[in-house]
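**Q** What follows is the file data-v6.tsv, containing TSV, C-alpha atoms:
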```tsv
chain	number	residue	atom	x	y	z
J	7	MET	CA	-17.05	14.50	20.66
J	8	THR	CA	-18.78	11.21	19.98
J	9	ALA	CA	-18.87	12.01	16.27
J	10	LEU	CA	-15.11	12.68	16.25
J	11	GLY	CA	-14.41	9.39	18.02
J	12	TRP	CA	-16.54	7.32	15.66
J	13	THR	CA	-15.08	9.13	12.66
J	14	LEU	CA	-11.60	8.12	13.78
J	15	MET	CA	-12.80	4.54	14.25
J	16	ILE	CA	-14.35	4.48	10.75
J	17	VAL	CA	-11.21	5.92	9.15
J	18	GLY	CA	-9.10	3.34	10.96
J	19	ALA	CA	-11.28	0.45	9.82
J	20	ALA	CA	-11.25	1.76	6.24
J	21	LEU	CA	-7.46	1.99	6.37
J	22	LEU	CA	-7.34	-1.63	7.54
J	23	ALA	CA	-9.42	-2.56	4.49
J	24	VAL	CA	-6.93	-0.63	2.32
J	25	ALA	CA	-4.09	-2.60	3.91
J	26	ALA	CA	-5.90	-5.83	3.05
J	27	LEU	CA	-6.47	-4.56	-0.48
J	28	GLY	CA	-2.74	-3.94	-0.75
J	29	LEU	CA	-2.19	-7.68	-0.33
J	30	HIS	CA	-4.04	-8.21	-3.59
J	31	ARG	CA	-2.72	-5.27	-5.58
J	32	LEU	CA	1.03	-5.44	-4.93
J	33	PRO	CA	3.29	-7.75	-6.93
J	34	ASP	CA	5.61	-9.57	-4.51
J	35	ALA	CA	5.85	-10.57	-0.85
J	36	LEU	CA	8.29	-7.81	0.13
J	37	SER	CA	6.08	-4.98	-1.09
J	38	ARG	CA	2.99	-6.72	0.33
J	39	GLN	CA	4.68	-6.73	3.72
J	40	HIS	CA	5.63	-3.08	3.23
J	41	ALA	CA	2.03	-2.06	2.57
J	42	ALA	CA	0.32	-4.31	5.05
J	43	THR	CA	2.28	-3.68	8.23
J	44	LYS	CA	2.58	0.10	7.99
J	45	ALA	CA	-1.04	0.70	6.99
J	46	ALA	CA	-2.30	-1.75	9.62
J	47	THR	CA	-0.24	0.00	12.32
J	48	LEU	CA	-1.67	3.39	11.36
J	49	ALA	CA	-5.18	1.89	11.25
J	50	LEU	CA	-4.88	0.45	14.75
J	51	GLY	CA	-3.46	3.75	16.01
J	52	LEU	CA	-6.38	5.66	14.56
J	53	MET	CA	-8.89	3.23	16.07
J	54	LEU	CA	-7.21	3.54	19.47
J	55	ALA	CA	-7.26	7.34	19.19
J	56	GLY	CA	-10.96	7.20	18.43
J	57	LEU	CA	-11.50	4.94	21.43
J	58	ALA	CA	-9.57	7.40	23.63
J	59	VAL	CA	-11.89	10.17	22.44
J	60	LEU	CA	-15.01	8.03	22.96
J	61	GLN	CA	-14.21	6.70	26.43
J	62	PRO	CA	-12.79	9.31	28.78
J	63	GLY	CA	-11.14	8.14	31.96
J	64	SER	CA	-7.72	7.16	33.22
J	65	ALA	CA	-8.55	3.44	33.24
J	66	TRP	CA	-9.04	3.63	29.49
J	67	TRP	CA	-6.12	5.91	28.74
J	68	ILE	CA	-3.60	3.77	30.61
J	69	ARG	CA	-4.58	0.70	28.59
J	70	ILE	CA	-4.70	2.62	25.32
J	71	GLY	CA	-1.25	4.08	25.98
J	72	ALA	CA	0.15	0.66	26.83
J	73	LEU	CA	-1.38	-0.82	23.68
J	74	VAL	CA	0.02	1.96	21.46
J	75	THR	CA	3.45	1.51	23.06
J	76	VAL	CA	3.39	-2.25	22.54
J	77	LEU	CA	2.26	-1.87	18.93
J	78	ALA	CA	4.87	0.78	18.15
J	79	ALA	CA	7.59	-1.41	19.66
J	80	THR	CA	6.65	-4.79	18.22
J	81	VAL	CA	5.27	-4.13	14.73
J	82	PRO	CA	8.57	-2.84	13.22
J	83	ILE	CA	10.43	-5.85	14.62
J	84	ALA	CA	7.84	-8.26	13.26
J	85	SER	CA	7.80	-6.57	9.86
J	86	HIS	CA	11.60	-6.64	9.74
J	87	ALA	CA	11.60	-10.38	10.47
J	88	LEU	CA	8.93	-10.84	7.80
J	89	ALA	CA	10.95	-8.86	5.29
J	90	ARG	CA	14.08	-10.94	5.96
J	91	ALA	CA	12.07	-14.14	5.58
J	92	ALA	CA	10.51	-12.90	2.34
J	93	ALA	CA	13.83	-11.72	0.94
J	94	SER	CA	15.58	-15.02	1.65
J	95	TRP	CA	13.15	-16.88	-0.62
J	96	PRO	CA	13.94	-15.89	-4.21
J	97	ASP	CA	11.02	-17.78	-5.78
J	98	ALA	CA	8.36	-16.73	-3.33
J	99	SER	CA	9.30	-13.06	-3.45
J	100	ARG	CA	9.26	-12.99	-7.25
J	101	SER	CA	5.97	-14.82	-7.65
J	102	ASP	CA	3.61	-12.57	-9.56
J	103	ALA	CA	0.01	-13.34	-8.70
J	104	SER	CA	-1.24	-12.16	-12.07
J	105	THR	CA	0.63	-14.80	-14.06
J	106	PRO	CA	-1.17	-18.13	-14.01
J	107	ASP	CA	1.86	-20.43	-13.90
J	108	ALA	CA	3.40	-18.66	-10.89
J	109	SER	CA	0.29	-19.33	-8.85
J	110	MET	CA	0.46	-23.02	-9.62
J	111	GLN	CA	3.75	-23.64	-7.86
J	112	ASP	CA	3.63	-24.12	-4.16
Q	13	MET	CA	-23.69	5.47	10.79
Q	14	THR	CA	-21.30	3.83	13.19
Q	15	ILE	CA	-22.10	0.46	11.58
Q	16	LEU	CA	-19.52	1.47	8.94
Q	17	VAL	CA	-16.78	0.31	11.32
Q	18	GLU	CA	-18.15	-3.23	11.22
Q	19	VAL	CA	-18.66	-2.99	7.45
Q	20	PHE	CA	-15.05	-1.95	6.78
Q	21	LEU	CA	-13.74	-4.51	9.25
Q	22	GLY	CA	-15.73	-7.25	7.54
Q	23	LEU	CA	-14.43	-6.09	4.16
Q	24	ALA	CA	-10.86	-6.20	5.48
Q	25	LEU	CA	-11.41	-9.71	6.87
Q	26	TRP	CA	-12.89	-10.91	3.58
Q	27	LEU	CA	-9.97	-9.46	1.60
Q	28	VAL	CA	-7.41	-11.02	3.95
Q	29	LEU	CA	-9.03	-14.44	3.76
Q	30	ALA	CA	-9.24	-14.18	-0.05
Q	31	ALA	CA	-5.54	-13.25	-0.13
Q	32	LEU	CA	-4.76	-16.19	2.13
Q	33	ARG	CA	-6.48	-18.51	-0.35
Q	34	ARG	CA	-5.14	-16.94	-3.52
Q	35	LEU	CA	-1.52	-15.94	-2.93
Q	36	PRO	CA	1.24	-18.51	-3.50
Q	37	GLY	CA	4.11	-19.30	-1.16
Q	38	ALA	CA	4.62	-19.32	2.56
Q	39	ALA	CA	5.95	-15.75	2.80
Q	40	ASN	CA	2.80	-14.27	1.28
Q	41	ARG	CA	0.61	-16.26	3.62
Q	42	LEU	CA	2.70	-15.13	6.58
Q	43	VAL	CA	2.08	-11.50	5.58
Q	44	ALA	CA	-1.64	-12.25	5.25
Q	45	ILE	CA	-1.70	-13.82	8.72
Q	46	ASP	CA	0.01	-10.70	10.08
Q	47	VAL	CA	-2.79	-8.55	8.64
Q	48	LEU	CA	-5.31	-11.06	10.01
Q	49	SER	CA	-3.93	-10.53	13.53
Q	50	ALA	CA	-4.28	-6.77	12.98
Q	51	CYS	CA	-7.94	-7.41	12.08
Q	52	ALA	CA	-8.38	-9.35	15.32
Q	53	LEU	CA	-6.85	-6.47	17.28
Q	54	ALA	CA	-9.24	-4.06	15.56
Q	55	ALA	CA	-12.14	-6.33	16.50
Q	56	CYS	CA	-10.99	-6.25	20.14
Q	57	ILE	CA	-10.83	-2.43	20.06
Q	58	LEU	CA	-14.27	-2.27	18.45
Q	59	ALA	CA	-15.72	-4.60	21.09
Q	60	ALA	CA	-14.26	-2.35	23.79
Q	61	ALA	CA	-15.88	0.67	22.15
Q	62	ARG	CA	-19.26	-1.04	21.77
Q	63	THR	CA	-19.57	-2.60	25.20
Q	64	GLY	CA	-17.68	-0.10	27.36
Q	65	HIS	CA	-15.64	-2.74	29.17
Q	66	THR	CA	-11.91	-2.17	29.59
Q	67	ALA	CA	-11.32	-5.93	29.71
Q	68	PHE	CA	-11.35	-6.10	25.90
Q	69	LEU	CA	-8.29	-3.85	25.82
Q	70	ASP	CA	-6.49	-6.26	28.14
Q	71	VAL	CA	-7.38	-9.02	25.71
Q	72	ALA	CA	-6.02	-6.88	22.86
Q	73	LEU	CA	-2.78	-6.26	24.78
Q	74	GLY	CA	-2.22	-9.97	25.33
Q	75	PHE	CA	-3.14	-10.80	21.77
Q	76	ALA	CA	-0.70	-8.18	20.42
Q	77	LEU	CA	2.16	-9.84	22.32
Q	78	ILE	CA	1.13	-13.34	21.19
Q	79	ALA	CA	0.79	-12.23	17.57
Q	80	PHE	CA	4.21	-10.56	17.67
Q	81	LEU	CA	5.87	-13.70	19.04
Q	82	ALA	CA	4.07	-15.91	16.52
Q	83	THR	CA	5.05	-13.70	13.59
Q	84	VAL	CA	8.71	-13.53	14.61
Q	85	CYS	CA	8.90	-17.29	15.24
Q	86	TRP	CA	7.28	-18.19	11.93
Q	87	ALA	CA	9.44	-15.68	10.04
Q	88	ASN	CA	12.62	-17.10	11.57
Q	89	ALA	CA	11.48	-20.66	10.83
Q	90	LEU	CA	10.72	-19.68	7.24
Q	91	ARG	CA	14.09	-18.01	6.88
Q	92	ALA	CA	15.89	-21.05	8.29
Q	93	GLU	CA	14.20	-23.19	5.64
Q	94	ALA	CA	15.29	-20.93	2.77
Q	95	PRO	CA	17.33	-22.59	0.00
Q	96	GLY	CA	19.84	-19.76	-0.50
Q	97	ARG	CA	21.03	-18.76	2.95
Q	98	ASP	CA	23.43	-16.12	1.62
Q	99	ALA	CA	20.54	-13.91	0.55
Q	100	PRO	CA	20.18	-10.69	2.57
```
Is it possible to express this structure as structure tokens?
**A**
Amino acid sequence: MTALGWTLMIVGAALLAVAALGLHRLPDALSRQHAATKAATLALGLMLAGLAVLQPGSAWWIRIGALVTVLAATVPIASHALARAAASWPDASRSDASTPDASMQD
Amino acid sequence: MTILVEVFLGLALWLVLAALRRLPGAANRLVAIDVLSACALAACILAAARTGHTAFLDVALGFALIAFLATVCWANALRAEAPGRDAP
């Protein structure tokens, strides 16, 4: 049971690293937001599931359930606001990080 | 073996901070800060798992609300500053 819990925690942390890698690999701000928020939400959910396996007890499960509910309610709203902000800037959303002159402009 | 959680979390933090330095524009940095707050939440969850105190989950709950409000406020401020307001 402990092995299952720590495996879920390790998979969640690795998925968070993949979400951070997506910031480097994807071309513009809209797709970076797309990768980062969804993968980070799944990573936090997996880590919370691993914590629920590791720590039995209603005092833990109430807090874990509240945290999952808050994350599932707020992360789509925040990512939608981020997507609208990224889409309203034509230059910032088109800036390709691989071209050298696009990284020079502010 | 469970040290891999810290290793992956440190790798994620390093990648986010490198993205924050490298990527141009305010929108990209806002996305990077959003992932950085997810890393902080993961650190809170990991601290709760390591120490066995439920207080770290209360900290994570408060930080999730603060990070949500900060992200929405900065995104709206960034959108209000946009040059072409008729964009979707």
**Q** Excluding Ala26 of chain J and any residue of its chain fewer than 3 positions from it, enumerate the residues within 6 Å of it, using all atoms listed in the file, and give them as an MDAnalysis selection string.
**A** (chainID J and resid 23 29) or (chainID Q and resid 24 27:28)
**Q** At a cut-off of 8 Å, which residues of chain Q touch chain J? Count all atoms listed in the file and give the answer as an MDAnalysis selection string.
**A** chainID Q and resid 14 16:18 20:21 23:25 27:28 31 34:40 42:44 46:47 50:51 53:54 57 61 64 66 69:70 72:73 76:77 80 83:84 87:88 90:91 94:100
**Q** Between atom CA of Cys56 of chain Q and atom CA of Ala82 of chain Q, what distance in Å does the model show, to one decimal?
**A** 18.3 Å
**Q** In Å, rounded to a single decimal, give me how far atom CA of His65 of chain Q is from atom CA of Met13 of chain Q.
**A**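 The value is 21.7 Å.
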**Q** By how many Å are atom CA of Leu48 of chain Q and atom CA of Ala92 of chain Q apart?
**A**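 Calculated distance between atom CA of Leu48 of chain Q and atom CA of Ala92 of chain Q is 23.5 Å.
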